[in-house]
Amino acid sequence: MESIIRKNDCHKQALNENESKTILSSYGIPVVREKVVSNPDAAVRVAGELGYPVVLKALGARLMHKTERGLVFLDLKDEKAIRKAAGQAAESAGDDLEGYLIQPFMKGTREMVAGIFRDPQFGPVVMFGLGGIYTEALSDVTFRVAPLTCQDAEDMLDELKSRKILGDFRGETAVNRDQLIQTLLGLSRIALDRPDIAEIDLNPLLISREGQVCAVDALIVLMEQQCHQPFSPAIDPKDLGALFYPKSIAFVGISSKIGKWGHLLFSITASRGYKGDIYLINPKGGQIADRPVYRSVLDVPGKIDLAVVTIPAAGVLSLLPEFQTKGIKNVLLITSGFAETGDAGKRLEAELVQAARQAGILLVGPNTMGICNPHIGLYCTGSHVWPIAGSTAVVAQSGNMGTQLLAFAEKQGIGIRAFCGSGNEAMVKIEDFIDAFEVDSVTQTVMLYVESIKNGRRFMESALRVGKKKPIVLLKGGQTQAGSKAAASHTGALASDARIFDAVCRQAGIVKVNRSMDLLDLAAAFSSLPLPKGNRAAIMTLGGGWGVVTADLCAEFGLEVPELSDSLIAEIDTILPPYWSRANPVDIVGENDLTIPLKIIELLLKWDGCDAVINLGIRGRRILVRKLSESVALSDPTYSPEFLAMMNQTMIDFEKNYTEHIIRLMETFQKPIFGVSLLTEDQDNMVYHVENKSYKAVYYETPERAVNVFAKMVQYQKFLSRQHDSRDE
């Protein structure tokens with residue numbers, strides 16, 4: 001039989017169509033009635049029994065993609081047509097022909113596709129989408145990793161761009177959704193029960209005019225042998241947590257030269273308030289920075305909790321026996337020159353990890369950016385950024401991206417629980433960090449920059465478990481690189497690394513973003529604001545056009561902008577002048593009464609018709625007032641400097657009071673407020689804290705960013721609601 005090879009996969013062979021359908025039917029998947037015959041005479045007899053018109057197909061395990069090979073004959077109405085079709089099938093199939101399939105001819109214009117394949121990282125994946133001859137051309141498909149829940153299957157149906165055809169469509173009855181869901185769940189069960197099955201392809205999955213679902217064609221591809229990818233053992237979360245709380249650090253490879261990693265990491269760590277002991281290690285000895293330099297860690301008189309290593313890659317392995325003797329349990333390996341350099345580097349890295357495990361040493365890196373824990377004043381990274389202590393844990397697989405994220409966090413006032421540049425992840429993987437964040441009570445939000453996953457199945461399971469407790473916000477690098485999978489089925493051919501990863505994020509509740517600033521925007525919101533309970537937005541704006549633009553953005557992001565209730569309009573009538581819009585968005589028409597925004601936003605939050613408030617242009621007016629006072633001071637001497645100073649101070653005080661006011665309102669009504677600043681200056685933050693308050697005020701620079709954050713928070717809230725509903729079932 002023909003052997004089909006997937007990259008890095010095992011040999012596979014196909015079942016014939018009838019054998020495939022027998023398996024599918026045993027799992028409750030609706031398949032077409034059919035009979036297998038060996039010759040044209042038997043085909044004519046069976047056609048009479050089934051009733052014309054019928055379908056004739058060539059049957060054979062090597063006859064995959066029969067439509068493309070001209071081996072499917074539809075709407076055969078008599079004996080002559082059957083004999084002619086059988087002859088043509090025999091001629092085209094040649095020695096691959098094992099017989100013929102005879103089926104009733106089913107009518108229906110809607111064709112879907114469903115199936116499974118095995119992803120090297122995530123295991124069995126179920127696919128559903130638009131089928132027939134347009135399957136690969138339009139590529140309107142969605143994926144989930146098995147096992148599927150009923151909710152997963154429902155979500156797959158609703159995610160299709162062409163989902164309208166599943167309803168009443170051009171005179172045909174809406175599809176029986178229960179049958180589609182049963183089909184997807186059946187495929188999921190097969191994938192788990194039958195690890196010998198590599199791929200399943202149901203195309204077309206025909207929808208009859210009456211809405212009934214039926215698999216009229218099926219392909220099952222078997223794996224001749226099982227392939228198992230070895231994965232690294234998990235790290236104990238307690239051990240990983242201890243790495244971020246060292247009471248003493250040894251810098252192995254210390255240098256006196258400014259700019260070298262051996263000097264950079266020490267100088268940053270020693271200058272930012274770290275209270276633990278610091279030891280400097282270099283075989284040359286002497287003194288650096290007026291501190292003694294020890295020739296070996298064995299010469300250090302005190303205990304060493306963390307070794308920060310910057311010596312060349314070739315010398316790292318020889319350090320481990322000394323570390324073991326000294327009782328050093330944690331190593332931060334800054335050094336590059338390992339797996340990222342090629343095969344020789346991979347071998348050296350593997351040898352290093354094996355030796356570290358045997359020595360009981362936890363190794364972060366190599367090729368790492370470093371770590372920081374602002375809660376103890378520990379900033380041991382290669383970047384001069386020092387974010388404040390907070391509740392957002394950050395891991396980045398790219399040092400440059402990690403530097404950027406920390407710099408943004410520092411500028412915008414976003415508190416960081418801890419940071420690690422995970423580097424090559426030779427021992428400690430992204431999955432280990434996720435597990436550690438789960439048990440860390442300080443962490444409220446997890447922020448990840450990911451380029452590759454070492455153990456996809458574990459990543460998904462850990463993220464799903466953690467996501468039920470705290471949000472994971474993720475940016476994926478390398479999104480445009482499709483997987484190079486040579487597949488026997490449409491199901492496998494339509495998959496790509498990016499598509500499968502997106503499906504994993506949806507299934508695990510990961511809030512996936514597309515830009516680096518989105519990470520910070522979401523981290524700020526999740527760590528500062530209450531979760532919205534729904535998607536209804538009330539908009540308060542300092543200008544009508546800005547409100548219209550924001551309302552349009554809400555529609556684009558799937559958020560509602562509901563009409564104001566009559567009672568709410570009546571209340572606002574007592575505050576705003578008669579010419580206000582009487583609509584959502586609420587334009588406060590540029591009135592100079594500084595109490596108006598305070599009153600209106602409280603009324604909107606009280607209103608049970610909204611789940612969140614977006615306020616535009618309230619903060620930032622102090623900048624306009626200051627510039628106005630500067631112009632007046634230069635042009636109109638009748639205004640005293642004292643008056644102009646008072647005018648400026650009034651706006652400064654108002655913005656401070658407004659920020660404190662909205663924080664109190666969020667605590668009272670448990671609804672988020674998304675601020676958009678009118679203008680900003682370099683010293684302005686995204687996040688503003690008020691002492692002894694659990695929530696914080698968040699202001700974005702544009703309506704687009706505020707609306708995007710609201711929509712992503714709604715997405716996460718829906719995930720939590722689904723998880724709660726599934727527990728209640």
# chains A, B, ... in the order shown; residues from 1 in each chain; ligands from 1
$ select_by_dssp --residues "segment 219-416 of chain A" --states "strand (DSSP E)" --output "tab-separated table (two decimals) with all heavy atoms, in the first residue's frame"
chain	number	residue	atom	x	y	z
A	219	LEU	N	-12.66	8.94	5.22
A	219	LEU	CA	-11.31	8.41	5.07
A	219	LEU	C	-10.70	8.29	6.46
A	219	LEU	O	-10.72	9.24	7.25
A	219	LEU	CB	-10.45	9.36	4.22
A	219	LEU	CG	-8.94	9.08	4.19
A	219	LEU	CD1	-8.65	7.78	3.46
A	219	LEU	CD2	-8.20	10.25	3.54
A	220	ILE	N	-10.19	7.10	6.78
A	220	ILE	CA	-9.43	6.90	8.02
A	220	ILE	C	-8.05	6.41	7.65
A	220	ILE	O	-7.90	5.44	6.89
A	220	ILE	CB	-10.12	5.89	8.96
A	220	ILE	CG1	-11.40	6.50	9.54
A	220	ILE	CG2	-9.18	5.48	10.09
A	220	ILE	CD1	-12.11	5.59	10.53
A	221	VAL	N	-7.04	7.08	8.19
A	221	VAL	CA	-5.65	6.72	7.95
A	221	VAL	C	-5.05	6.21	9.25
A	221	VAL	O	-5.15	6.86	10.29
A	221	VAL	CB	-4.85	7.93	7.43
A	221	VAL	CG1	-3.40	7.53	7.16
A	221	VAL	CG2	-5.48	8.51	6.17
A	222	LEU	N	-4.47	5.01	9.18
A	222	LEU	CA	-3.88	4.38	10.36
A	222	LEU	C	-2.39	4.67	10.44
A	222	LEU	O	-1.73	4.88	9.42
A	222	LEU	CB	-4.08	2.87	10.33
A	222	LEU	CG	-5.53	2.37	10.27
A	222	LEU	CD1	-5.53	0.85	10.18
A	222	LEU	CD2	-6.31	2.84	11.48
A	223	MET	N	-1.86	4.65	11.67
A	223	MET	CA	-0.42	4.71	11.89
A	223	MET	C	0.09	3.30	12.10
A	223	MET	O	-0.46	2.55	12.91
A	223	MET	CB	-0.10	5.57	13.11
A	223	MET	CG	0.49	6.91	12.75
A	223	MET	SD	1.01	7.89	14.17
A	223	MET	CE	-0.50	8.03	15.09
A	248	SER	N	21.06	35.19	48.87
A	248	SER	CA	22.45	35.46	48.49
A	248	SER	C	22.64	35.08	47.03
A	248	SER	O	22.06	34.11	46.55
A	248	SER	CB	23.42	34.68	49.38
A	248	SER	OG	23.13	33.29	49.31
A	249	ILE	N	23.47	35.87	46.34
A	249	ILE	CA	23.71	35.65	44.91
A	249	ILE	C	25.21	35.66	44.65
A	249	ILE	O	25.93	36.54	45.15
A	249	ILE	CB	23.05	36.75	44.04
A	249	ILE	CG1	21.54	36.81	44.30
A	249	ILE	CG2	23.32	36.52	42.56
A	249	ILE	CD1	20.83	37.94	43.56
A	250	ALA	N	25.68	34.68	43.86
A	250	ALA	CA	27.07	34.66	43.40
A	250	ALA	C	27.10	34.95	41.90
A	250	ALA	O	26.42	34.27	41.13
A	250	ALA	CB	27.70	33.30	43.69
A	251	PHE	N	27.88	35.97	41.51
A	251	PHE	CA	28.04	36.30	40.09
A	251	PHE	C	29.29	35.60	39.59
A	251	PHE	O	30.42	36.03	39.86
A	251	PHE	CB	28.12	37.81	39.90
A	251	PHE	CG	26.80	38.50	40.14
A	251	PHE	CD1	26.48	38.97	41.41
A	251	PHE	CD2	25.89	38.64	39.12
A	251	PHE	CE1	25.26	39.58	41.64
A	251	PHE	CE2	24.66	39.25	39.34
A	251	PHE	CZ	24.35	39.72	40.60
A	252	VAL	N	29.08	34.50	38.88
A	252	VAL	CA	30.17	33.65	38.42
A	252	VAL	C	30.57	34.11	37.02
A	252	VAL	O	29.81	33.97	36.06
A	252	VAL	CB	29.76	32.17	38.41
A	252	VAL	CG1	30.93	31.30	37.96
A	252	VAL	CG2	29.26	31.74	39.79
A	277	ASP	N	23.03	39.03	50.35
A	277	ASP	CA	24.50	39.01	50.18
A	277	ASP	C	24.86	38.82	48.72
A	277	ASP	O	24.20	38.07	47.99
A	277	ASP	CB	25.11	37.88	51.01
A	277	ASP	CG	24.91	38.09	52.50
A	277	ASP	OD1	24.96	39.26	52.94
A	277	ASP	OD2	24.67	37.08	53.20
A	278	ILE	N	25.92	39.49	48.28
A	278	ILE	CA	26.40	39.38	46.91
A	278	ILE	C	27.86	38.93	46.95
A	278	ILE	O	28.69	39.54	47.65
A	278	ILE	CB	26.27	40.72	46.16
A	278	ILE	CG1	24.79	41.07	45.94
A	278	ILE	CG2	27.01	40.67	44.82
A	278	ILE	CD1	24.56	42.41	45.26
A	279	TYR	N	28.16	37.87	46.19
A	279	TYR	CA	29.52	37.36	46.10
A	279	TYR	C	29.97	37.41	44.63
A	279	TYR	O	29.20	37.09	43.72
A	279	TYR	CB	29.59	35.92	46.61
A	279	TYR	CG	29.12	35.76	48.03
A	279	TYR	CD1	27.89	35.15	48.32
A	279	TYR	CD2	29.89	36.22	49.09
A	279	TYR	CE1	27.45	35.00	49.63
A	279	TYR	CE2	29.46	36.07	50.41
A	279	TYR	CZ	28.24	35.47	50.67
A	279	TYR	OH	27.81	35.33	51.97
A	280	LEU	N	31.24	37.79	44.44
A	280	LEU	CA	31.81	37.89	43.10
A	280	LEU	C	32.80	36.76	42.89
A	280	LEU	O	33.67	36.52	43.74
A	280	LEU	CB	32.50	39.25	42.92
A	280	LEU	CG	31.66	40.49	43.31
A	280	LEU	CD1	32.44	41.77	43.02
A	280	LEU	CD2	30.33	40.48	42.59
A	281	ILE	N	32.68	36.07	41.73
A	281	ILE	CA	33.50	34.88	41.46
A	281	ILE	C	34.25	35.07	40.14
A	281	ILE	O	33.63	35.32	39.08
A	281	ILE	CB	32.64	33.61	41.38
A	281	ILE	CG1	31.64	33.53	42.54
A	281	ILE	CG2	33.54	32.38	41.31
A	281	ILE	CD1	32.27	33.43	43.91
A	287	GLN	N	39.98	42.21	43.47
A	287	GLN	CA	38.85	43.01	43.90
A	287	GLN	C	38.17	43.65	42.70
A	287	GLN	O	38.83	44.04	41.74
A	287	GLN	CB	39.28	44.11	44.89
A	287	GLN	CG	39.46	43.65	46.30
A	287	GLN	CD	39.40	44.82	47.28
A	287	GLN	OE1	39.66	45.96	46.93
A	287	GLN	NE2	39.05	44.51	48.52
A	288	ILE	N	36.86	43.77	42.76
A	288	ILE	CA	36.07	44.50	41.77
A	288	ILE	C	35.01	45.27	42.53
A	288	ILE	O	34.35	44.72	43.42
A	288	ILE	CB	35.42	43.55	40.74
A	288	ILE	CG1	36.48	42.89	39.86
A	288	ILE	CG2	34.41	44.30	39.86
A	288	ILE	CD1	35.94	41.87	38.88
A	291	ARG	N	34.93	45.16	46.22
A	291	ARG	CA	34.47	43.93	46.86
A	291	ARG	C	35.49	42.83	46.59
A	291	ARG	O	36.11	42.79	45.52
A	291	ARG	CB	33.11	43.49	46.30
A	291	ARG	CG	31.95	44.44	46.59
A	291	ARG	CD	30.72	44.02	45.79
A	291	ARG	NE	29.57	44.89	46.02
A	291	ARG	CZ	28.55	44.60	46.82
A	291	ARG	NH1	28.55	43.46	47.50
A	291	ARG	NH2	27.55	45.45	46.95
A	292	PRO	N	35.62	41.88	47.49
A	292	PRO	CA	36.55	40.77	47.23
A	292	PRO	C	36.02	39.86	46.13
A	292	PRO	O	34.81	39.64	46.02
A	292	PRO	CB	36.60	40.04	48.57
A	292	PRO	CG	35.30	40.37	49.24
A	292	PRO	CD	34.98	41.78	48.82
A	293	VAL	N	36.93	39.36	45.31
A	293	VAL	CA	36.58	38.43	44.25
A	293	VAL	C	37.12	37.05	44.63
A	293	VAL	O	38.34	36.89	44.82
A	293	VAL	CB	37.14	38.88	42.88
A	293	VAL	CG1	36.82	37.83	41.82
A	293	VAL	CG2	36.58	40.24	42.49
A	294	TYR	N	36.23	36.07	44.73
A	294	TYR	CA	36.62	34.71	45.10
A	294	TYR	C	36.96	33.91	43.84
A	294	TYR	O	36.31	34.06	42.79
A	294	TYR	CB	35.50	34.02	45.87
A	294	TYR	CG	35.14	34.72	47.17
A	294	TYR	CD1	34.11	35.67	47.21
A	294	TYR	CD2	35.84	34.44	48.34
A	294	TYR	CE1	33.80	36.32	48.39
A	294	TYR	CE2	35.52	35.09	49.53
A	294	TYR	CZ	34.50	36.03	49.55
A	294	TYR	OH	34.19	36.68	50.71
A	306	LEU	N	21.70	31.49	44.80
A	306	LEU	CA	21.56	31.62	43.35
A	306	LEU	C	22.91	31.95	42.74
A	306	LEU	O	23.59	32.88	43.18
A	306	LEU	CB	20.56	32.74	43.00
A	306	LEU	CG	20.41	33.10	41.52
A	306	LEU	CD1	19.82	31.93	40.73
A	306	LEU	CD2	19.53	34.35	41.35
A	307	ALA	N	23.28	31.18	41.71
A	307	ALA	CA	24.48	31.47	40.93
A	307	ALA	C	24.07	32.06	39.59
A	307	ALA	O	23.28	31.46	38.86
A	307	ALA	CB	25.31	30.21	40.73
A	308	VAL	N	24.60	33.25	39.29
A	308	VAL	CA	24.34	33.91	38.00
A	308	VAL	C	25.60	33.73	37.17
A	308	VAL	O	26.66	34.28	37.50
A	308	VAL	CB	24.01	35.40	38.20
A	308	VAL	CG1	23.78	36.06	36.85
A	308	VAL	CG2	22.79	35.56	39.09
A	309	VAL	N	25.50	32.96	36.09
A	309	VAL	CA	26.67	32.50	35.34
A	309	VAL	C	26.77	33.23	34.01
A	309	VAL	O	25.81	33.22	33.21
A	309	VAL	CB	26.61	30.98	35.12
A	309	VAL	CG1	27.81	30.52	34.29
A	309	VAL	CG2	26.57	30.25	36.45
A	330	ASN	N	20.16	26.70	42.63
A	330	ASN	CA	19.57	27.46	41.53
A	330	ASN	C	20.66	28.15	40.71
A	330	ASN	O	21.55	28.82	41.28
A	330	ASN	CB	18.61	28.52	42.07
A	330	ASN	CG	17.44	27.90	42.81
A	330	ASN	OD1	16.76	27.03	42.29
A	330	ASN	ND2	17.23	28.34	44.05
A	331	VAL	N	20.56	28.01	39.39
A	331	VAL	CA	21.52	28.63	38.48
A	331	VAL	C	20.77	29.41	37.41
A	331	VAL	O	19.88	28.88	36.76
A	331	VAL	CB	22.43	27.58	37.82
A	331	VAL	CG1	23.31	28.22	36.75
A	331	VAL	CG2	23.29	26.89	38.86
A	332	LEU	N	21.15	30.68	37.27
A	332	LEU	CA	20.64	31.52	36.20
A	332	LEU	C	21.74	31.60	35.15
A	332	LEU	O	22.76	32.28	35.34
A	332	LEU	CB	20.30	32.91	36.75
A	332	LEU	CG	19.60	33.89	35.82
A	332	LEU	CD1	18.23	33.37	35.40
A	332	LEU	CD2	19.47	35.25	36.50
A	333	LEU	N	21.55	30.89	34.03
A	333	LEU	CA	22.60	30.77	33.02
A	333	LEU	C	22.39	31.81	31.93
A	333	LEU	O	21.58	31.61	31.02
A	333	LEU	CB	22.63	29.35	32.45
A	333	LEU	CG	23.74	29.04	31.45
A	333	LEU	CD1	25.11	29.40	32.00
A	333	LEU	CD2	23.70	27.56	31.05
A	362	LEU	N	18.61	23.40	39.75
A	362	LEU	CA	17.59	23.99	38.87
A	362	LEU	C	18.27	25.01	37.98
A	362	LEU	O	18.90	25.96	38.46
A	362	LEU	CB	16.50	24.66	39.71
A	362	LEU	CG	15.31	25.25	38.94
A	362	LEU	CD1	14.50	24.13	38.29
A	362	LEU	CD2	14.42	26.06	39.88
A	363	LEU	N	18.11	24.83	36.66
A	363	LEU	CA	18.84	25.64	35.68
A	363	LEU	C	17.85	26.45	34.85
A	363	LEU	O	17.00	25.89	34.16
A	363	LEU	CB	19.65	24.72	34.77
A	363	LEU	CG	20.56	25.37	33.74
A	363	LEU	CD1	21.78	25.99	34.41
A	363	LEU	CD2	21.00	24.32	32.73
A	364	VAL	N	17.93	27.78	34.91
A	364	VAL	CA	17.12	28.66	34.07
A	364	VAL	C	17.99	29.17	32.94
A	364	VAL	O	19.07	29.71	33.18
A	364	VAL	CB	16.54	29.83	34.88
A	364	VAL	CG1	15.82	30.81	33.97
A	364	VAL	CG2	15.59	29.32	35.95
A	370	GLY	N	17.58	37.15	32.23
A	370	GLY	CA	17.66	37.35	33.67
A	370	GLY	C	16.31	37.30	34.33
A	370	GLY	O	15.30	36.95	33.72
A	371	ILE	N	16.28	37.63	35.62
A	371	ILE	CA	15.04	37.62	36.39
A	371	ILE	C	14.92	38.91	37.19
A	371	ILE	O	15.91	39.61	37.40
A	371	ILE	CB	14.98	36.42	37.37
A	371	ILE	CG1	16.09	36.53	38.43
A	371	ILE	CG2	15.07	35.10	36.62
A	371	ILE	CD1	15.98	35.50	39.54
A	372	CYS	N	13.71	39.21	37.61
A	372	CYS	CA	13.53	40.29	38.58
A	372	CYS	C	12.34	39.96	39.48
A	372	CYS	O	11.40	39.27	39.06
A	372	CYS	CB	13.36	41.65	37.91
A	372	CYS	SG	11.72	42.06	37.33
A	373	ASN	N	12.41	40.44	40.70
A	373	ASN	CA	11.33	40.34	41.66
A	373	ASN	C	11.28	41.66	42.42
A	373	ASN	O	11.98	41.84	43.43
A	373	ASN	CB	11.56	39.18	42.63
A	373	ASN	CG	10.45	39.07	43.67
A	373	ASN	OD1	9.48	39.84	43.66
A	373	ASN	ND2	10.59	38.13	44.60
A	378	LEU	N	14.85	42.91	43.79
A	378	LEU	CA	15.78	42.13	42.97
A	378	LEU	C	15.55	42.45	41.49
A	378	LEU	O	14.49	42.12	40.94
A	378	LEU	CB	15.58	40.64	43.22
A	378	LEU	CG	16.37	39.68	42.31
A	378	LEU	CD1	17.87	39.92	42.46
A	378	LEU	CD2	16.02	38.23	42.60
A	379	TYR	N	16.54	43.08	40.87
A	379	TYR	CA	16.50	43.38	39.43
A	379	TYR	C	17.78	42.83	38.82
A	379	TYR	O	18.77	43.54	38.66
A	379	TYR	CB	16.39	44.88	39.18
A	379	TYR	CG	15.11	45.50	39.72
A	379	TYR	CD1	15.06	46.02	41.00
A	379	TYR	CD2	13.96	45.54	38.94
A	379	TYR	CE1	13.89	46.57	41.51
A	379	TYR	CE2	12.78	46.09	39.43
A	379	TYR	CZ	12.76	46.61	40.73
A	379	TYR	OH	11.60	47.16	41.21
A	380	CYS	N	17.77	41.55	38.51
A	380	CYS	CA	18.95	40.89	37.95
A	380	CYS	C	18.70	40.59	36.48
A	380	CYS	O	18.51	39.44	36.07
A	380	CYS	CB	19.25	39.60	38.73
A	380	CYS	SG	20.78	38.80	38.24
A	381	THR	N	18.64	41.65	35.69
A	381	THR	CA	18.41	41.52	34.24
A	381	THR	C	19.43	42.38	33.50
A	381	THR	O	20.12	43.21	34.10
A	381	THR	CB	17.00	42.00	33.85
A	381	THR	OG1	16.93	43.43	33.99
A	381	THR	CG2	15.94	41.34	34.71
A	389	ALA	N	6.62	47.04	42.19
A	389	ALA	CA	6.05	45.76	42.61
A	389	ALA	C	4.55	45.73	42.36
A	389	ALA	O	3.86	46.73	42.55
A	389	ALA	CB	6.33	45.52	44.09
A	390	GLY	N	4.06	44.59	41.90
A	390	GLY	CA	2.64	44.46	41.61
A	390	GLY	C	2.24	43.01	41.51
A	390	GLY	O	2.86	42.13	42.12
A	391	SER	N	1.23	42.73	40.69
A	391	SER	CA	0.64	41.38	40.65
A	391	SER	C	0.71	40.73	39.28
A	391	SER	O	0.14	39.66	39.09
A	391	SER	CB	-0.82	41.46	41.09
A	391	SER	OG	-1.56	42.32	40.23
A	392	THR	N	1.39	41.34	38.31
A	392	THR	CA	1.48	40.78	36.96
A	392	THR	C	2.79	40.03	36.78
A	392	THR	O	3.87	40.63	36.83
A	392	THR	CB	1.37	41.88	35.88
A	392	THR	OG1	0.09	42.51	36.00
A	392	THR	CG2	1.52	41.29	34.49
A	393	ALA	N	2.71	38.72	36.61
A	393	ALA	CA	3.90	37.89	36.38
A	393	ALA	C	4.18	37.83	34.88
A	393	ALA	O	3.26	37.68	34.08
A	393	ALA	CB	3.67	36.49	36.93
A	394	VAL	N	5.46	37.95	34.51
A	394	VAL	CA	5.84	38.05	33.10
A	394	VAL	C	6.94	37.04	32.79
A	394	VAL	O	7.94	36.96	33.51
A	394	VAL	CB	6.35	39.47	32.76
A	394	VAL	CG1	6.63	39.59	31.26
A	394	VAL	CG2	5.36	40.53	33.20
A	395	VAL	N	6.74	36.30	31.70
A	395	VAL	CA	7.80	35.45	31.15
A	395	VAL	C	7.89	35.74	29.66
A	395	VAL	O	6.87	35.78	28.96
A	395	VAL	CB	7.52	33.95	31.38
A	395	VAL	CG1	8.59	33.10	30.70
A	395	VAL	CG2	7.48	33.64	32.86
A	396	ALA	N	9.11	35.94	29.17
A	396	ALA	CA	9.32	36.22	27.75
A	396	ALA	C	10.41	35.29	27.22
A	396	ALA	O	11.47	35.15	27.84
A	396	ALA	CB	9.71	37.68	27.53
A	416	ILE	N	4.72	44.74	38.63
A	416	ILE	CA	5.20	43.43	38.21
A	416	ILE	C	5.39	42.53	39.43
A	416	ILE	O	6.04	42.92	40.41
A	416	ILE	CB	6.53	43.56	37.43
A	416	ILE	CG1	6.29	44.37	36.15
A	416	ILE	CG2	7.11	42.20	37.11
A	416	ILE	CD1	5.30	43.75	35.18
$ residues_around --residues "segment 543-547 of chain A" --least-positions-apart "4" --cutoff "10 Å" --atoms "only C-alpha atoms" --output "list of chain:residue names"
A:Ile539, A:Ala551, A:Asp552, A:Leu553, A:Trp580, A:Ser581, A:Asn584, A:Pro585, A:Val586, A:Asp587, A:Ile588, A:Val589, A:Gly590, A:Ile614, A:Asn615, A:Leu616, A:Gly617, A:Pro703
$ residues_around --residues "Arg45 of chain A" --least-positions-apart "2" --cutoff "12 Å" --atoms "only C-alpha atoms" --output "ChimeraX atom specification"
/A:35-43,47-52,54,78-79,82-83,102
$ residues_around --residues "Val450 of chain A" --least-positions-apart "2" --cutoff "6 Å" --atoms "only C-alpha atoms" --output "number ranges by chain"
A: 397, 452, 476
$ residues_around --residues "Ala218 of chain A" --least-positions-apart "6" --cutoff "6 Å" --atoms "only C-alpha atoms" --output "number ranges by chain"
A: 17, 201-202
$ write_last_selection --atoms "all heavy atoms" --output "PDB file, in the first residue's frame"
ATOM      1  N   GLU A  17     -13.209   3.086   2.351  1.00  0.00           N
ATOM      2  CA  GLU A  17     -14.295   3.952   2.812  1.00  0.00           C
ATOM      3  C   GLU A  17     -15.303   3.199   3.669  1.00  0.00           C
ATOM      4  O   GLU A  17     -15.767   3.711   4.699  1.00  0.00           O
ATOM      5  CB  GLU A  17     -14.993   4.585   1.609  1.00  0.00           C
ATOM      6  CG  GLU A  17     -16.089   5.556   1.999  1.00  0.00           C
ATOM      7  CD  GLU A  17     -16.710   6.252   0.792  1.00  0.00           C
ATOM      8  OE1 GLU A  17     -16.063   6.301  -0.273  1.00  0.00           O
ATOM      9  OE2 GLU A  17     -17.852   6.745   0.927  1.00  0.00           O
ATOM     10  N   ASP A 201     -11.150  11.882   7.911  1.00  0.00           N
ATOM     11  CA  ASP A 201     -11.651  12.955   7.058  1.00  0.00           C
ATOM     12  C   ASP A 201     -13.076  12.618   6.631  1.00  0.00           C
ATOM     13  O   ASP A 201     -13.303  11.584   5.986  1.00  0.00           O
ATOM     14  CB  ASP A 201     -10.749  13.090   5.822  1.00  0.00           C
ATOM     15  CG  ASP A 201     -10.916  14.427   5.132  1.00  0.00           C
ATOM     16  OD1 ASP A 201     -10.992  15.453   5.835  1.00  0.00           O
ATOM     17  OD2 ASP A 201     -10.962  14.446   3.887  1.00  0.00           O
ATOM     18  N   LEU A 202     -14.036  13.442   7.028  1.00  0.00           N
ATOM     19  CA  LEU A 202     -15.425  13.304   6.575  1.00  0.00           C
ATOM     20  C   LEU A 202     -15.715  14.467   5.641  1.00  0.00           C
ATOM     21  O   LEU A 202     -15.958  15.595   6.090  1.00  0.00           O
ATOM     22  CB  LEU A 202     -16.395  13.334   7.766  1.00  0.00           C
ATOM     23  CG  LEU A 202     -16.083  12.440   8.967  1.00  0.00           C
ATOM     24  CD1 LEU A 202     -17.186  12.566  10.007  1.00  0.00           C
ATOM     25  CD2 LEU A 202     -15.920  11.001   8.530  1.00  0.00           C
TER      26      LEU A 202
END
$ closest_residue --among "A:Ala633, A:Leu720, A:Ile600, A:Ala583" --to "Leu531 of chain A" --atoms "only C-alpha atoms"
A:Leu720
$ residues_around --residues "segment 465-467 of chain A" --least-positions-apart "2" --cutoff "9 Å" --atoms "only C-alpha atoms" --output "ChimeraX atom specification"
/A:434-435,437-439,460-463,469-472,508-510,716,719-720
$ residues_around --residues "Ile200 of chain A" --least-positions-apart "6" --cutoff "12 Å" --atoms "only C-alpha atoms" --output "PyMOL selection string"
chain A and resi 13-17+20-21+23-24+64+113-118+124-128+184+186-188+190-191+194+215+217-223+487-493
$ atom_distance --atom1 "atom CA of Val316 of chain A" --atom2 "atom CA of Gly365 of chain A"
12.2 Å
$ atom_distance --atom1 "atom CA of Leu628 of chain A" --atom2 "atom CA of Ile663 of chain A"
29.2 Å
$ closest_residue --among "A:Tyr639, A:Ala612, A:Leu594, A:Pro321" --to "Ile652 of chain A" --atoms "only C-alpha atoms"
A:Leu594
$ closest_residue --among "A:Asn400, A:Ile376, A:Leu679, A:Asp521" --to "Lys627 of chain A" --atoms "only C-alpha atoms"
A:Leu679
$ select_by_dssp --residues "segment 439-665 of chain A" --states "alpha helix (DSSP H)" --output "VMD selection string"
chain A and resid 439 456 to 467 490 to 493 497 to 508 516 to 528 544 to 556 566 to 573 595 to 606 621 to 635 641 to 665
